[in-house]
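Coordinates as given in query-v1.pdb (PDB, C-alpha atoms):
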ATOM      1  CA  MET A   4     248.013  57.710 283.667
ATOM      2  CA  SER A   5     251.610  58.859 283.313
ATOM      3  CA  PHE A   6     252.231  62.613 283.265
ATOM      4  CA  SER A   7     255.911  62.751 284.128
ATOM      5  CA  ASN A   8     259.059  60.637 284.291
ATOM      6  CA  ASN A   9     259.169  61.454 288.026
ATOM      7  CA  ASP A  10     257.123  58.877 289.984
ATOM      8  CA  LYS A  11     256.369  61.327 292.822
ATOM      9  CA  VAL A  12     255.042  63.898 290.356
ATOM     10  CA  ASP A  13     252.971  61.233 288.595
ATOM     11  CA  SER A  14     251.449  60.062 291.863
ATOM     12  CA  PHE A  15     250.686  63.635 292.953
ATOM     13  CA  LEU A  16     249.005  64.508 289.647
ATOM     14  CA  ASN A  17     246.984  61.283 289.605
ATOM     15  CA  ASP A  18     245.783  61.969 293.159
ATOM     16  CA  ILE A  19     244.650  65.494 292.260
ATOM     17  CA  GLN A  20     242.927  64.235 289.108
ATOM     18  CA  PHE A  21     240.998  61.696 291.190
ATOM     19  CA  GLN A  22     240.139  64.079 294.049
ATOM     20  CA  SER A  23     239.170  67.164 292.049
ATOM     21  CA  PRO A  24     238.969  67.053 288.247
ATOM     22  CA  GLU A  25     238.278  70.816 288.158
ATOM     23  CA  MET A  26     241.380  71.689 290.207
ATOM     24  CA  PHE A  27     243.378  69.172 288.157
ATOM     25  CA  GLU A  28     242.489  70.996 284.938
ATOM     26  CA  ILE A  29     243.631  74.324 286.407
ATOM     27  CA  LEU A  30     246.795  72.735 287.832
ATOM     28  CA  MET A  31     247.721  71.239 284.463
ATOM     29  CA  SER A  32     247.186  74.591 282.749
ATOM     30  CA  ILE A  33     249.553  76.313 285.193
ATOM     31  CA  ARG A  34     252.061  73.454 284.967
ATOM     32  CA  THR A  35     252.108  73.860 281.178
ATOM     33  CA  ILE A  36     252.834  77.582 281.577
ATOM     34  CA  PHE A  37     255.861  76.782 283.744
ATOM     35  CA  HIS A  38     257.191  74.200 281.280
ATOM     36  CA  ASP A  39     256.527  76.374 278.222
ATOM     37  CA  THR A  40     258.467  79.208 279.849
ATOM     38  CA  ASN A  41     261.678  77.199 280.186
ATOM     39  CA  LEU A  42     262.184  73.607 279.075
ATOM     40  CA  GLY A  43     265.055  73.300 281.556
ATOM     41  CA  LEU A  44     262.788  73.519 284.600
ATOM     42  CA  VAL A  45     262.862  70.460 286.834
ATOM     43  CA  GLU A  46     259.690  69.532 288.682
ATOM     44  CA  ASP A  47     259.422  67.643 291.948
ATOM     45  CA  ILE A  48     257.101  67.247 294.896
ATOM     46  CA  LYS A  49     258.077  69.233 298.002
ATOM     47  CA  TYR A  50     256.213  70.986 300.784
ATOM     48  CA  GLY A  51     253.001  69.256 299.671
ATOM     49  CA  GLY A  52     252.995  70.696 296.170
ATOM     50  CA  LEU A  53     254.517  70.630 292.723
ATOM     51  CA  VAL A  54     257.701  72.709 292.729
ATOM     52  CA  PHE A  55     259.939  73.922 289.911
ATOM     53  CA  THR A  56     263.682  74.459 290.048
ATOM     54  CA  LEU A  57     266.158  75.827 287.544
ATOM     55  CA  SER A  58     269.891  75.269 288.059
ATOM     56  CA  ASN A  59     269.091  73.968 291.573
ATOM     57  CA  THR A  60     267.291  77.216 292.475
ATOM     58  CA  LEU A  61     263.675  76.960 293.607
ATOM     59  CA  ILE A  62     261.604  79.173 291.299
ATOM     60  CA  GLY A  63     258.204  78.431 292.774
ATOM     61  CA  GLY A  64     255.441  75.904 293.049
ATOM     62  CA  ILE A  65     251.796  75.023 292.634
ATOM     63  CA  PHE A  66     249.840  74.039 295.735
ATOM     64  CA  VAL A  67     246.298  72.665 295.570
ATOM     65  CA  TYR A  68     243.800  73.394 298.328
ATOM     66  CA  ALA A  69     240.104  72.552 298.651
ATOM     67  CA  LYS A  70     238.837  75.816 297.143
ATOM     68  CA  HIS A  71     241.821  77.310 295.348
ATOM     69  CA  ILE A  72     245.265  76.763 293.909
ATOM     70  CA  SER A  73     248.181  78.831 295.147
ATOM     71  CA  ILE A  74     251.060  79.644 292.834
ATOM     72  CA  GLU A  75     254.043  80.450 295.026
ATOM     73  CA  PHE A  76     257.054  82.442 293.834
ATOM     74  CA  SER A  77     260.259  82.024 295.842
ATOM     75  CA  PHE A  78     261.497  85.498 294.895
ATOM     76  CA  GLY A  79     258.061  87.025 294.397
ATOM     77  CA  ALA A  80     258.930  90.241 296.222
ATOM     78  CA  GLU A  81     261.271  91.033 293.307
ATOM     79  CA  LEU A  82     258.533  90.675 290.677
ATOM     80  CA  PRO A  83     257.045  93.883 289.272
ATOM     81  CA  ASP A  84     253.372  94.012 290.263
ATOM     82  CA  PRO A  85     251.788  97.355 289.309
ATOM     83  CA  ASP A  86     248.277  95.805 289.411
ATOM     84  CA  LYS A  87     248.773  94.460 292.962
ATOM     85  CA  ILE A  88     247.921  90.876 292.000
ATOM     86  CA  LEU A  89     250.541  89.161 294.156
ATOM     87  CA  GLU A  90     249.670  88.388 297.769
ATOM     88  CA  GLY A  91     251.957  88.040 300.772
ATOM     89  CA  LYS A  92     254.125  90.356 302.819
ATOM     90  CA  GLY A  93     257.242  88.320 303.609
ATOM     91  CA  LYS A  94     260.760  89.367 302.679
ATOM     92  CA  LYS A  95     260.933  87.166 299.567
ATOM     93  CA  ARG A  96     257.884  85.060 298.742
ATOM     94  CA  ARG A  97     254.630  86.054 297.081
ATOM     95  CA  HIS A  98     251.698  84.031 295.800
ATOM     96  CA  ILE A  99     248.652  84.188 293.553
ATOM     97  CA  LYS A 100     245.390  82.452 294.447
ATOM     98  CA  ILE A 101     243.527  80.846 291.565
ATOM     99  CA  HIS A 102     239.881  79.869 292.155
ATOM    100  CA  VAL A 103     238.681  79.222 288.597
ATOM    101  CA  MET A 104     240.362  78.696 285.225
ATOM    102  CA  GLU A 105     239.592  82.282 284.169
ATOM    103  CA  ASP A 106     241.826  83.541 286.996
ATOM    104  CA  VAL A 107     244.888  82.120 285.225
ATOM    105  CA  GLU A 108     244.600  84.742 282.494
ATOM    106  CA  LYS A 109     242.983  87.468 284.593
ATOM    107  CA  LYS A 110     245.764  87.324 287.178
ATOM    108  CA  LYS A 111     248.508  87.301 284.517
ATOM    109  CA  VAL A 112     250.019  83.988 285.593
ATOM    110  CA  LYS A 113     251.969  83.547 282.342
ATOM    111  CA  ASN A 114     253.584  86.962 282.802
ATOM    112  CA  PHE A 115     254.568  86.336 286.431
ATOM    113  CA  VAL A 116     255.946  82.861 285.695
ATOM    114  CA  GLY A 117     258.002  84.221 282.796
ATOM    115  CA  ILE A 118     259.532  86.961 284.910
ATOM    116  CA  ALA A 119     260.144  84.626 287.872
ATOM    117  CA  VAL A 120     261.965  82.087 285.710
ATOM    118  CA  ASN A 121     264.089  84.774 284.081
ATOM    119  CA  LEU A 122     265.126  86.309 287.429
ATOM    120  CA  ASN A 123     267.516  83.395 287.723
TER     121      ASN A 123
END
Would you give me this structure, written as structure tokens?
Amino acid sequence: MSFSNNDKVDSFLNDIQFQSPEMFEILMSIRTIFHDTNLGLVEDIKYGGLVFTLSNTLIGGIFVYAKHISIEFSFGAELPDPDKILEGKGKKRRHIKIHVMEDVEKKKVKNFVGIAVNLN
């Protein structure tokens, strides 16, 4: 099935769909949030995951693991996080771990993606 005009993205998404239909559903939900936030985002496969850039700046990415999905934010340390949802202690990056579909809303993914995209 074709999901993207980028062959690498298509192959990645088809592999995830085959390996873990549950994780695929969550991944596609998060991917939609990224695209709905800014239609100018460009997606590609890097570092083993689906990454999003805007004006050649890496915004973040979605990385699928056996038991969770990690949403990485390149400038996550700059995101307001009064509820302490973001994980990580590096100078710039932060991430959110998603275990089930309900976590997407509970962990305010749409809010964080919107802010991350608009930082640039």
Hits of the PyMOL selection byres ((chain A and resi 72-83) around 9) in this structure, as a PDB file with C-alpha atoms, in the frame of the given file:
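That gives us expr36.pdb:
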ATOM      1  CA  MET A  26     241.380  71.689 290.207  1.00  0.00           C
ATOM      2  CA  ILE A  29     243.631  74.324 286.407  1.00  0.00           C
ATOM      3  CA  LEU A  30     246.795  72.735 287.832  1.00  0.00           C
ATOM      4  CA  ILE A  33     249.553  76.313 285.193  1.00  0.00           C
ATOM      5  CA  VAL A  54     257.701  72.709 292.729  1.00  0.00           C
ATOM      6  CA  LEU A  61     263.675  76.960 293.607  1.00  0.00           C
ATOM      7  CA  ILE A  62     261.604  79.173 291.299  1.00  0.00           C
ATOM      8  CA  GLY A  63     258.204  78.431 292.774  1.00  0.00           C
ATOM      9  CA  GLY A  64     255.441  75.904 293.049  1.00  0.00           C
ATOM     10  CA  ILE A  65     251.796  75.023 292.634  1.00  0.00           C
ATOM     11  CA  PHE A  66     249.840  74.039 295.735  1.00  0.00           C
ATOM     12  CA  VAL A  67     246.298  72.665 295.570  1.00  0.00           C
ATOM     13  CA  TYR A  68     243.800  73.394 298.328  1.00  0.00           C
ATOM     14  CA  ALA A  69     240.104  72.552 298.651  1.00  0.00           C
ATOM     15  CA  LYS A  70     238.837  75.816 297.143  1.00  0.00           C
ATOM     16  CA  HIS A  71     241.821  77.310 295.348  1.00  0.00           C
ATOM     17  CA  ASP A  84     253.372  94.012 290.263  1.00  0.00           C
ATOM     18  CA  PRO A  85     251.788  97.355 289.309  1.00  0.00           C
ATOM     19  CA  ASP A  86     248.277  95.805 289.411  1.00  0.00           C
ATOM     20  CA  LEU A  89     250.541  89.161 294.156  1.00  0.00           C
ATOM     21  CA  GLY A  91     251.957  88.040 300.772  1.00  0.00           C
ATOM     22  CA  LYS A  92     254.125  90.356 302.819  1.00  0.00           C
ATOM     23  CA  GLY A  93     257.242  88.320 303.609  1.00  0.00           C
ATOM     24  CA  LYS A  94     260.760  89.367 302.679  1.00  0.00           C
ATOM     25  CA  LYS A  95     260.933  87.166 299.567  1.00  0.00           C
ATOM     26  CA  ARG A  96     257.884  85.060 298.742  1.00  0.00           C
ATOM     27  CA  ARG A  97     254.630  86.054 297.081  1.00  0.00           C
ATOM     28  CA  HIS A  98     251.698  84.031 295.800  1.00  0.00           C
ATOM     29  CA  ILE A  99     248.652  84.188 293.553  1.00  0.00           C
ATOM     30  CA  LYS A 100     245.390  82.452 294.447  1.00  0.00           C
ATOM     31  CA  ILE A 101     243.527  80.846 291.565  1.00  0.00           C
ATOM     32  CA  HIS A 102     239.881  79.869 292.155  1.00  0.00           C
ATOM     33  CA  VAL A 103     238.681  79.222 288.597  1.00  0.00           C
ATOM     34  CA  VAL A 112     250.019  83.988 285.593  1.00  0.00           C
ATOM     35  CA  PHE A 115     254.568  86.336 286.431  1.00  0.00           C
ATOM     36  CA  VAL A 116     255.946  82.861 285.695  1.00  0.00           C
ATOM     37  CA  ILE A 118     259.532  86.961 284.910  1.00  0.00           C
ATOM     38  CA  ALA A 119     260.144  84.626 287.872  1.00  0.00           C
ATOM     39  CA  LEU A 122     265.126  86.309 287.429  1.00  0.00           C
TER      40      LEU A 122
END
Near A:Ser58, within 12 Å and counting all atoms listed in the file, which residues show up once chain neighbours fewer than 6 positions away are dropped, as number ranges by chain? A: 41-46, 120-121, 123
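Interatomic distance, atom CA of A:Asn59 against atom CA of A:Asp47: 11.6 Å.
If you look at atom CA of A:Tyr50 and atom CA of A:Gln20, they are 18.9 Å away from each other.
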Given all atoms listed in the file as the counted atoms, nearest of A:Ile48, A:Gly117, A:Asp106, A:Lys87 to A:Asp10: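 Selected residue with least distance to A:Asp10: A:Ile48.
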Separation of atom CA of A:Asp13 and atom CA of A:Phe27, in Å?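 Calculated distance between atom CA of A:Asp13 and atom CA of A:Phe27 is 12.5 Å.
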Shell of 10 Å around A:Val12, all atoms listed in the file, local chain residues under 2 positions omitted, as a list in words: Ser5, Phe6, Ser7, Asn8, Asn9, Asp10, Ser14, Phe15, Leu16, Asn17, Asp18, Glu46, Asp47, Ile48, Lys49, Gly52, Leu53 and Val54 of chain A
